[in-house]
$ cat target_32.cif   # mmCIF, C-alpha atoms
data_input
#
loop_
_atom_site.label_atom_id
_atom_site.label_comp_id
_atom_site.auth_asym_id
_atom_site.auth_seq_id
_atom_site.Cartn_x
_atom_site.Cartn_y
_atom_site.Cartn_z
CA MET A 1 62.65 31.71 -21.13
CA GLU A 2 62.16 29.86 -17.89
CA ARG A 3 64.65 27.21 -18.99
CA ASP A 4 67.28 29.88 -19.63
CA GLU A 5 66.67 31.40 -16.21
CA ILE A 6 67.10 28.05 -14.48
CA ILE A 7 70.33 27.35 -16.34
CA SER A 8 71.82 30.79 -15.69
CA GLY A 9 70.93 30.42 -12.02
CA PHE A 10 72.77 27.09 -11.83
CA LEU A 11 75.74 28.48 -13.76
CA LEU A 12 76.02 31.32 -11.28
CA GLU A 13 76.12 28.87 -8.39
CA LEU A 14 78.64 26.64 -10.17
CA ARG A 15 80.98 29.53 -10.82
CA ARG A 16 80.72 31.30 -7.51
CA GLY A 17 83.15 28.97 -5.78
CA THR A 18 85.53 28.61 -8.70
CA LEU A 19 86.04 32.36 -8.98
CA ILE A 20 88.09 32.31 -5.79
CA LEU A 21 90.38 29.71 -7.36
CA CYS A 22 90.78 31.87 -10.48
CA VAL A 23 91.56 34.99 -8.48
CA LEU A 24 94.11 33.34 -6.18
CA ALA A 25 95.85 31.69 -9.12
CA LYS A 26 95.88 34.85 -11.26
CA LEU A 27 97.20 37.09 -8.49
CA GLY A 28 100.47 35.20 -8.21
CA LYS A 29 101.77 38.38 -9.82
CA PRO A 30 100.51 41.76 -8.60
CA THR A 31 97.58 43.10 -10.60
CA TYR A 32 94.93 45.76 -10.09
CA GLY A 33 91.24 44.97 -10.14
CA TYR A 34 90.22 46.29 -13.50
CA ASN A 35 93.14 44.63 -15.23
CA LEU A 36 92.27 41.32 -13.57
CA ILE A 37 88.76 41.56 -15.04
CA ALA A 38 90.28 42.01 -18.51
CA GLU A 39 92.71 39.11 -18.00
CA LEU A 40 89.98 36.79 -16.82
CA ALA A 41 87.75 37.88 -19.71
CA ASP A 42 90.54 36.98 -22.14
CA THR A 43 90.50 33.42 -20.81
CA GLY A 44 86.72 33.27 -21.17
CA ILE A 45 85.78 33.89 -17.57
CA ALA A 46 83.35 36.77 -17.20
CA ILE A 47 83.22 38.48 -13.85
CA GLU A 48 81.63 41.82 -13.12
CA ALA A 49 83.44 44.58 -11.32
CA ASN A 50 80.75 44.80 -8.65
CA THR A 51 81.43 41.15 -7.81
CA LEU A 52 85.21 41.13 -8.11
CA TYR A 53 86.04 44.26 -6.11
CA PRO A 54 84.18 43.21 -2.97
CA LEU A 55 85.59 39.67 -3.41
CA LEU A 56 89.18 40.98 -3.50
CA ARG A 57 88.52 42.94 -0.34
CA ARG A 58 87.09 39.90 1.41
CA LEU A 59 90.02 37.68 0.42
CA GLU A 60 92.37 40.35 1.71
CA SER A 61 90.57 40.49 5.06
CA GLN A 62 91.00 36.71 5.27
CA GLY A 63 94.73 37.10 4.74
CA LEU A 64 94.81 35.39 1.34
CA LEU A 65 95.69 38.57 -0.55
CA ILE A 66 97.70 41.66 0.22
CA SER A 67 97.15 45.05 -1.40
CA SER A 68 99.09 48.24 -1.92
CA TRP A 69 98.28 51.51 -3.64
CA ASN A 70 100.50 52.30 -6.58
CA THR A 71 100.55 56.01 -7.38
CA ASP A 72 103.22 55.94 -10.11
CA GLY A 73 100.75 55.98 -13.02
CA SER A 74 98.28 58.62 -14.13
CA LYS A 75 95.86 57.58 -11.42
CA PRO A 76 96.29 55.66 -8.16
CA ARG A 77 95.65 51.93 -8.48
CA LYS A 78 95.28 49.27 -5.87
CA TYR A 79 97.43 46.24 -6.67
CA TYR A 80 96.58 42.87 -5.19
CA ASN A 81 98.98 39.98 -4.69
CA THR A 82 98.47 36.46 -3.30
CA THR A 83 100.16 36.00 0.09
CA ASP A 84 102.13 32.89 1.12
CA PHE A 85 99.13 31.84 3.12
CA GLY A 86 96.99 32.40 0.02
CA LYS A 87 99.34 30.24 -2.05
CA ASP A 88 99.19 27.51 0.57
CA VAL A 89 95.39 27.59 0.57
CA LEU A 90 95.33 27.64 -3.23
CA ALA A 91 97.57 24.56 -3.46
CA GLU A 92 95.17 22.60 -1.31
CA LEU A 93 92.10 23.93 -3.09
CA ILE A 94 93.60 22.84 -6.42
CA LEU A 95 93.87 19.26 -5.11
CA HIS A 96 90.25 19.36 -3.99
CA TRP A 97 89.21 20.83 -7.31
CA GLN A 98 90.94 18.06 -9.25
CA ASP A 99 89.34 15.42 -7.04
CA THR A 100 85.96 17.02 -7.57
CA VAL A 101 86.39 17.10 -11.33
CA LYS A 102 87.45 13.44 -11.35
CA ASP A 103 84.53 12.37 -9.15
CA LEU A 104 82.04 14.37 -11.14
CA ASN A 105 83.28 12.99 -14.41
CA GLN A 106 82.84 9.49 -13.09
CA ILE A 107 79.22 10.28 -12.34
CA LEU A 108 78.48 12.28 -15.46
CA GLU A 109 80.12 9.94 -17.95
CA LYS A 110 78.10 6.92 -16.89
CA MET B 111 71.30 69.69 -13.46
CA ILE B 112 73.93 67.56 -11.79
CA MET B 113 77.42 67.85 -13.36
CA ASN B 114 79.01 64.65 -14.58
CA ASN B 115 81.68 64.50 -11.90
CA ASP B 116 79.00 65.27 -9.38
CA ILE B 117 77.03 62.19 -10.42
CA ILE B 118 80.06 59.98 -9.79
CA ALA B 119 80.86 61.61 -6.46
CA ARG B 120 77.26 61.30 -5.37
CA TYR B 121 77.12 57.69 -6.46
CA ILE B 122 80.29 56.82 -4.54
CA TYR B 123 79.07 58.65 -1.48
CA ALA B 124 75.75 56.80 -1.71
CA VAL B 125 77.68 53.51 -1.62
CA THR B 126 80.25 54.28 1.07
CA ARG B 127 77.82 55.75 3.59
CA TYR B 128 76.59 52.19 4.19
CA LEU B 129 80.10 50.88 4.86
CA PRO B 130 82.12 50.85 8.08
CA GLU B 131 83.95 54.11 8.78
CA LYS B 132 87.44 52.67 8.45
CA THR B 133 86.98 51.22 4.97
CA ARG B 134 85.16 54.20 3.46
CA ALA B 135 88.14 56.21 2.24
CA ASP B 136 89.74 53.17 0.65
CA VAL B 137 86.56 52.02 -1.11
CA GLU B 138 86.00 55.58 -2.30
CA LYS B 139 89.42 55.72 -3.95
CA GLU B 140 89.00 52.24 -5.37
CA LEU B 141 85.55 52.97 -6.88
CA ASP B 142 86.80 56.26 -8.30
CA GLY B 143 89.59 54.40 -10.09
CA LEU B 144 87.27 51.63 -11.23
CA ILE B 145 84.69 54.03 -12.69
CA SER B 146 87.38 55.97 -14.46
CA ASP B 147 88.81 52.74 -15.93
CA MET B 148 85.38 51.65 -17.07
CA LEU B 149 84.71 55.03 -18.68
CA GLU B 150 88.06 54.98 -20.44
CA GLU B 151 87.35 51.61 -21.95
CA ARG B 152 83.85 52.59 -22.97
CA CYS B 153 84.75 55.91 -24.57
CA ALA B 154 88.13 54.99 -26.10
CA GLY B 155 89.64 58.46 -26.06
CA ARG B 156 86.64 60.79 -26.32
CA THR B 157 85.33 62.71 -23.32
CA PRO B 158 82.66 60.72 -21.47
CA ALA B 159 79.17 62.09 -21.86
CA GLU B 160 76.52 61.96 -19.19
CA ALA B 161 74.96 58.95 -20.90
CA ASP B 162 78.29 57.07 -20.65
CA ILE B 163 78.56 57.77 -16.94
CA LYS B 164 75.02 56.67 -16.37
CA ALA B 165 75.57 53.48 -18.34
CA VAL B 166 78.71 52.62 -16.34
CA LEU B 167 77.05 53.32 -12.99
CA THR B 168 74.01 51.31 -14.03
CA GLU B 169 76.34 48.40 -14.77
CA LEU B 170 77.70 48.63 -11.23
CA GLY B 171 74.17 48.45 -9.85
CA THR B 172 72.29 50.63 -7.40
CA PRO B 173 74.36 52.06 -4.52
CA GLU B 174 72.48 49.77 -2.14
CA GLU B 175 73.23 46.66 -4.20
CA LEU B 176 76.91 47.51 -4.43
CA ALA B 177 77.16 48.37 -0.75
CA ALA B 178 75.48 45.05 0.07
CA LYS B 179 78.15 43.24 -1.95
CA TYR B 180 80.88 45.12 -0.12
CA SER B 181 79.28 44.24 3.20
CA GLY B 182 79.63 40.51 2.52
CA ASP B 183 77.53 37.62 3.70
CA GLU B 184 77.99 38.19 7.42
CA ASN B 185 74.82 39.21 9.23
CA LYS B 186 72.99 39.99 6.05
CA ALA B 187 69.65 39.57 7.74
CA LEU B 188 68.35 40.75 11.08
CA ILE B 189 66.98 37.26 11.74
CA SER B 190 67.47 34.33 9.38
CA GLY B 191 67.70 30.57 9.08
CA SER B 192 66.84 28.49 12.13
CA HIS B 193 66.58 31.65 14.23
CA LEU B 194 63.80 32.86 11.93
CA LEU B 195 61.84 29.62 12.26
CA LEU B 196 61.95 29.70 16.04
CA TYR B 197 61.23 33.44 16.02
CA LYS B 198 58.01 32.98 14.06
CA ARG B 199 56.90 30.11 16.28
CA ILE B 200 57.50 32.06 19.46
CA LEU B 201 55.73 35.15 18.07
CA LYS B 202 52.66 33.06 17.31
CA LEU B 203 52.56 31.80 20.87
CA VAL B 204 53.51 34.92 22.77
CA LEU B 205 51.64 37.69 20.92
CA PRO B 206 48.13 36.43 21.76
CA ILE B 207 49.16 35.80 25.35
CA ALA B 208 50.72 39.24 25.68
CA ALA B 209 47.62 40.85 24.17
CA ALA B 210 45.36 38.92 26.56
CA GLY B 211 47.59 39.75 29.53
CA ILE B 212 47.52 43.48 28.89
CA ALA B 213 43.79 43.35 28.20
CA PHE B 214 43.43 41.67 31.56
CA ALA B 215 45.46 44.39 33.23
CA GLY B 216 43.20 46.95 31.54
CA LEU B 217 40.25 45.12 33.01
CA LEU B 218 41.77 45.42 36.47
CA ALA B 219 42.09 49.16 35.95
CA VAL B 220 38.35 49.33 35.22
CA PHE B 221 37.51 48.10 38.72
CA VAL B 222 39.96 50.36 40.42
CA GLU B 223 38.16 53.31 38.87
CA TRP B 224 34.69 51.77 39.13
CA ASN B 225 31.87 54.20 39.47
CA PRO B 226 28.37 52.72 39.87
CA ASN B 227 26.54 55.63 38.34
CA PRO B 228 28.07 56.72 35.05
CA ASP B 229 26.67 57.09 31.57
CA THR B 230 26.87 53.36 31.05
CA PHE B 231 27.14 53.10 27.29
CA GLN B 232 29.68 55.83 26.84
CA ILE B 233 31.87 54.39 29.57
CA PHE B 234 31.37 50.94 28.13
CA GLY B 235 32.69 52.13 24.77
CA GLU B 236 35.64 53.90 26.33
CA THR B 237 36.58 50.92 28.46
CA PHE B 238 36.26 48.56 25.58
CA GLY B 239 38.42 50.82 23.44
CA ARG B 240 41.02 51.12 26.17
CA ILE B 241 41.24 47.37 26.64
CA ILE B 242 41.48 46.66 22.90
CA GLY B 243 44.07 49.44 22.54
CA GLY B 244 46.01 48.00 25.46
CA ALA B 245 45.92 44.54 23.92
CA ILE B 246 47.29 45.88 20.64
CA SER B 247 50.07 47.89 22.29
CA GLY B 248 50.90 44.89 24.50
CA ALA B 249 51.26 42.72 21.42
CA PHE B 250 53.49 45.36 19.80
CA GLN B 251 55.73 45.55 22.86
CA ALA B 252 56.09 41.78 22.98
CA PHE B 253 56.85 41.85 19.26
CA ALA B 254 59.58 44.46 19.75
CA ILE B 255 61.19 42.65 22.67
CA ILE B 256 61.21 39.27 20.94
CA THR B 257 62.60 40.81 17.77
CA ILE B 258 65.42 42.52 19.67
CA ILE B 259 66.33 39.30 21.49
CA PHE B 260 66.45 37.33 18.25
CA ALA B 261 68.38 40.03 16.43
CA VAL B 262 71.03 39.83 19.17
CA LEU B 263 71.07 36.01 19.00
CA GLU B 264 71.56 36.24 15.23
CA TYR B 265 74.26 38.89 15.54
CA LYS B 266 76.13 36.88 18.16
CA LYS B 267 75.53 33.71 16.12
CA VAL B 268 74.13 31.85 19.10
CA ALA B 269 73.29 28.28 18.10
CA ILE B 270 69.82 27.09 19.05
CA ASN B 271 69.17 23.68 20.57
CA LYS B 272 72.73 22.44 19.98
CA GLU B 273 73.17 20.50 23.19
CA ASP B 274 70.74 17.77 24.09
CA MET B 275 69.06 17.77 20.70
CA PHE B 276 67.48 14.35 21.08
CA SER B 277 65.68 14.85 24.36
CA ASN B 278 64.32 18.14 23.00
CA LEU B 279 62.60 16.51 20.02
CA PRO B 280 58.88 17.15 20.49
CA PRO B 281 56.37 14.28 20.36
CA VAL B 282 54.55 13.94 17.04
CA PRO B 283 51.02 15.29 17.41
CA LYS B 284 48.26 13.23 15.83
CA ASN B 285 46.60 15.46 13.34
CA LYS B 286 43.10 15.35 14.77
CA GLU B 287 44.31 16.25 18.22
CA ARG B 288 46.21 19.34 17.29
CA ILE B 289 44.71 22.42 18.97
CA LYS B 290 43.83 25.10 16.44
CA ILE B 291 45.44 28.35 17.44
CA HIS B 292 42.30 30.50 17.11
CA GLU B 293 40.20 28.48 19.54
CA PRO B 294 42.04 29.40 22.76
CA ILE B 295 42.37 32.99 21.54
CA ILE B 296 38.62 33.30 21.01
CA ASP B 297 38.02 31.72 24.43
CA ILE B 298 40.36 34.21 26.09
CA MET B 299 38.60 37.13 24.41
CA TRP B 300 35.23 35.77 25.48
CA SER B 301 36.17 35.41 29.11
CA ILE B 302 37.57 38.94 29.15
CA ILE B 303 34.45 40.37 27.52
CA CYS B 304 32.26 38.47 30.02
CA ALA B 305 34.30 39.81 32.91
CA ILE B 306 34.06 43.38 31.61
CA LEU B 307 30.31 43.06 31.34
CA LEU B 308 29.77 41.29 34.67
CA ILE B 309 31.90 43.59 36.76
CA GLY B 310 31.99 46.86 34.92
CA PHE B 311 28.66 47.03 33.14
CA PRO B 312 26.14 44.53 34.55
CA GLN B 313 23.37 47.08 33.79
CA VAL B 314 23.79 46.16 30.13
CA LEU B 315 22.91 42.52 30.75
CA GLY B 316 19.16 42.52 30.85
CA ILE B 317 15.93 42.89 28.97
CA TRP B 318 14.78 46.06 27.33
CA GLN B 319 11.13 46.99 27.11
CA VAL B 320 9.45 49.92 25.43
CA GLY B 321 8.53 52.55 27.99
CA ILE B 322 10.24 50.77 30.86
CA GLY B 323 13.83 50.54 29.72
CA TRP B 324 16.40 48.04 30.89
CA THR B 325 15.65 45.45 33.52
CA PRO B 326 19.02 44.04 34.58
CA VAL B 327 19.32 40.30 35.11
CA PHE B 328 21.53 40.68 38.15
CA ASN B 329 21.20 42.35 41.47
CA LEU B 330 23.87 44.91 40.77
CA GLY B 331 25.01 45.65 44.32
CA ILE B 332 25.42 42.00 45.24
CA LEU B 333 27.08 41.12 41.95
CA HIS B 334 29.62 43.88 42.39
CA GLY B 335 30.53 42.50 45.80
CA PHE B 336 31.88 39.44 43.99
CA TRP B 337 34.20 41.32 41.65
CA LEU B 338 37.35 39.76 43.04
CA ILE B 339 36.01 36.24 42.53
CA ILE B 340 34.86 37.04 38.99
CA LEU B 341 38.31 38.40 38.24
CA PHE B 342 39.87 35.25 39.66
CA LEU B 343 37.57 33.19 37.47
CA THR B 344 38.62 35.11 34.38
CA LEU B 345 42.30 34.74 35.26
CA LEU B 346 41.84 30.96 35.54
CA SER B 347 40.21 30.85 32.14
CA VAL B 348 43.05 32.91 30.61
CA ILE B 349 45.68 30.63 32.18
CA LYS B 350 43.90 27.52 30.94
CA ASN B 351 43.70 28.83 27.38
CA ALA B 352 47.24 30.20 27.40
CA MET B 353 48.35 26.70 28.35
CA LYS B 354 46.47 25.35 25.32
CA LEU B 355 48.33 27.81 23.10
CA VAL B 356 51.69 26.84 24.54
CA GLU B 357 51.12 23.08 24.38
CA GLY B 358 49.49 23.08 20.94
CA GLN B 359 48.27 19.51 21.51
CA TYR B 360 46.40 17.54 24.13
CA THR B 361 49.14 16.56 26.55
CA ALA B 362 48.81 15.09 30.02
CA ARG B 363 50.10 18.38 31.46
CA LEU B 364 47.33 20.28 29.66
CA ALA B 365 44.68 17.83 30.91
CA ILE B 366 45.84 18.29 34.50
CA VAL B 367 45.94 22.08 34.28
CA THR B 368 42.53 22.15 32.59
CA ALA B 369 41.00 19.89 35.26
CA ALA B 370 42.49 21.93 38.10
CA ALA B 371 41.42 25.24 36.54
CA ASN B 372 37.91 23.97 35.85
CA ILE B 373 37.45 22.70 39.41
CA LEU B 374 38.47 26.10 40.74
CA ILE B 375 36.23 27.84 38.19
CA MET B 376 33.27 25.69 39.30
CA ALA B 377 33.98 26.49 42.94
CA ALA B 378 34.11 30.19 42.12
CA MET B 379 30.90 29.97 40.10
CA ALA B 380 29.17 28.15 42.98
CA ILE B 381 30.15 30.90 45.41
CA VAL B 382 28.79 33.63 43.15
CA PHE B 383 25.71 32.05 41.61
CA LEU B 384 24.32 29.59 44.17
CA ASN B 385 23.15 32.62 46.09
CA SER B 386 19.67 33.34 44.66
CA ASN B 387 19.87 36.99 45.76
CA ILE B 388 22.27 37.48 42.89
CA ILE B 389 19.29 37.70 40.49
CA ASN B 390 17.29 40.88 40.27
CA PRO B 391 13.74 40.08 41.60
CA GLU B 392 12.25 42.38 38.98
CA PHE B 393 13.81 40.24 36.29
CA ILE B 394 12.02 37.16 37.64
CA SER B 395 8.65 38.83 38.07
CA LEU B 396 8.97 40.22 34.55
CA PHE B 397 8.26 36.76 33.18
CA ASP B 398 5.23 36.25 35.36
CA ARG B 399 3.83 39.48 34.03
CA LEU B 400 4.70 38.63 30.44
CA VAL B 401 3.18 35.14 30.52
CA PRO B 402 0.41 34.91 33.14
CA VAL B 403 -0.74 31.47 31.96
CA GLU B 404 -0.14 28.92 34.74
CA ASP B 405 -0.02 25.87 32.46
CA ILE B 406 3.19 26.69 30.71
CA LYS B 407 4.99 28.18 33.67
CA PHE B 408 7.41 25.23 33.71
CA VAL B 409 8.88 26.53 30.46
CA PHE B 410 10.13 29.49 32.45
CA TRP B 411 11.78 27.45 35.14
CA PRO B 412 15.21 28.52 33.92
CA PHE B 413 14.20 32.16 34.35
CA HIS B 414 12.69 31.71 37.76
CA ASN B 415 15.86 30.05 38.94
CA PHE B 416 18.20 31.92 36.68
CA ASN B 417 21.15 31.61 39.04
CA LEU B 418 20.80 27.79 39.10
CA PHE B 419 20.41 27.80 35.35
CA ILE B 420 23.73 29.63 34.98
CA VAL B 421 25.45 27.20 37.35
CA GLY B 422 23.96 24.21 35.51
CA VAL B 423 25.00 25.37 32.05
CA GLY B 424 28.42 26.42 33.30
CA PHE B 425 29.11 23.17 35.14
CA PHE B 426 27.93 21.11 32.20
CA GLY B 427 30.30 22.92 29.82
CA LEU B 428 33.25 22.70 32.20
CA VAL B 429 32.76 19.01 32.99
CA VAL B 430 32.48 18.18 29.29
CA GLU B 431 35.61 20.19 28.53
CA THR B 432 37.56 18.50 31.32
CA ALA B 433 36.48 15.04 30.19
CA VAL B 434 37.20 15.69 26.51
CA THR B 435 40.65 17.07 27.31
CA ALA B 436 41.44 14.08 29.52
CA VAL B 437 40.26 11.53 26.95
CA LYS B 438 42.24 13.22 24.18
CA ALA B 439 45.32 13.35 26.39
CA ILE B 440 45.06 9.63 27.15
CA ARG B 441 44.59 8.82 23.47
CA HIS B 442 47.48 11.09 22.63
CA ARG B 443 49.74 9.12 24.90
CA SER B 444 48.98 5.68 23.53
#
$ encode --input "target_32.cif" --output "structure tokens"
Amino acid sequence: MERDEIISGFLLELRRGTLILCVLAKLGKPTYGYNLIAELADTGIAIEANTLYPLLRRLESQGLLISSWNTDGSKPRKYYNTTDFGKDVLAELILHWQDTVKDLNQILEK
Amino acid sequence: MIMNNDIIARYIYAVTRYLPEKTRADVEKELDGLISDMLEERCAGRTPAEADIKAVLTELGTPEELAAKYSGDENKALISGSHLLLYKRILKLVLPIAAAGIAFAGLLAVFVEWNPNPDTFQIFGETFGRIIGGAISGAFQAFAIITIIFAVLEYKKVAINKEDMFSNLPPVPKNKERIKIHEPIIDIMWSIICAILLIGFPQVLGIWQVGIGWTPVFNLGILHGFWLIILFLTLLSVIKNAMKLVEGQYTARLAIVTAAANILIMAAMAIVFLNSNIINPEFISLFDRLVPVEDIKFVFWPFHNFNLFIVGVGFFGLVVETAVTAVKAIRHRS
């Protein structure tokens, strides 16, 4: 029991930073929050709505995302899209991510 | 019973009331859409029952939890991190001093209203209560002010000790020489209690005999003439002990302040107690009546010369304290 708790705690910390990468990459095309959860779940990444929605809002306030309400469907939905600035940031983050993976593998494979 | 749509509306309201005014409407719309999407997925066509709504809202967490997530990491705590550490340290130092300071002010008030002929014990209780109450409320006020200052520092993200970090590093105290925090506090309380008794209620200091009642040690009229000096003496003792609290270890500064305060205290004691009229003559003759045997009279020397006895004991204690503080400060340095 305690072992599981420790591991899930570490997993949470590991994934917290990578979620931003996932979201910025996925929102290259406009998507609304609930659909993004489904898309991420399909690729094996579980994120809860109460984490994602506030995260989207924060990224928007930082200028990485832009949102607009779409009222064409049966109910109004807020679509998010990565901005140019967001794409620029993402490109650099991807480089850092790849470096990190390489460095970590060097350590972990020894 | 709350209707289903009512539960959702109430839940959303419970979340958004914690959020800034300008984002409320947007979050409201967004949560409404989210909950409806979640219900749709869960119920797959059928009309959501109350249990479904409750399950979905439970998944989102309590309104407070969700609002906290929407509020982000900024200023999550009133005081946190390095601010919190410094805050706790300063509270520990300032609260006892504030309490003692207000108690001292309460003591001053006692003399302003001094009346030589009251129901001693009742007044004693009232005064004591007032001084303790004052000390507590003084500590609370200091607590409130310090908390407000730190909350503002945290909110404004003021960095502590950023410039000149290296010259601000404190010397490492040697464990033995660390001053325990309760010692100066107890000393401060003692000096205040002594002052209350000496100036406000000297009748209480004495010997009680069946059928006769209290025989005070001091000549009350003369003692009261010295109230200003006794107050000065108490103030010196409070300053000395406050300094111990602030320094936390035996520094050269503390040794100097202690020596200076003790010299002044001894001078003040000499002025008050070298005068033998300060002792109530009845108190002295009491012993002659109690023990009429000449042979062992020397045992009662301290009582016959009670004023000198007080000076002797007082000077001895003060000289020892001064010397010990000085020696520890010198050892602390090397």
$ resolve_selection --input "target_32.cif" --expression "the PyMOL selection byres ((chain A) within 8 of (chain B))" --output "PyMOL selection string"
chain A and resi 33-34+49-51+53-55+57-58+75-78
$ atom_distance --input "target_32.cif" --atom1 "atom CA of B:Pro158" --atom2 "atom CA of B:Ile118"
12.0 Å
$ atom_distance --input "target_32.cif" --atom1 "atom CA of B:Pro326" --atom2 "atom CA of B:Phe393"
6.7 Å
$ atom_distance --input "target_32.cif" --atom1 "atom CA of A:Thr31" --atom2 "atom CA of B:Glu151"
17.5 Å
$ resolve_selection --input "target_32.cif" --expression "the PyMOL selection byres ((chain B and resi 301-317) around 9)" --output "count of residues only"
42
$ resolve_selection --input "target_32.cif" --expression "the PyMOL selection byres ((chain B and resi 410-425) around 9)" --output "PyMOL selection string"
chain B and resi 327+372+376+379-380+382-389+393-395+397-398+406-409+426-430
$ closest_residue --input "target_32.cif" --among "B:Ile322, B:Ser247, B:Glu138, B:Thr257" --to "B:Ala208" --atoms "only C-alpha atoms"
B:Ser247
$ closest_residue --input "target_32.cif" --among "B:Val367, B:Leu218, B:Leu203, B:Glu264" --to "B:Leu338" --atoms "only C-alpha atoms"
B:Leu218
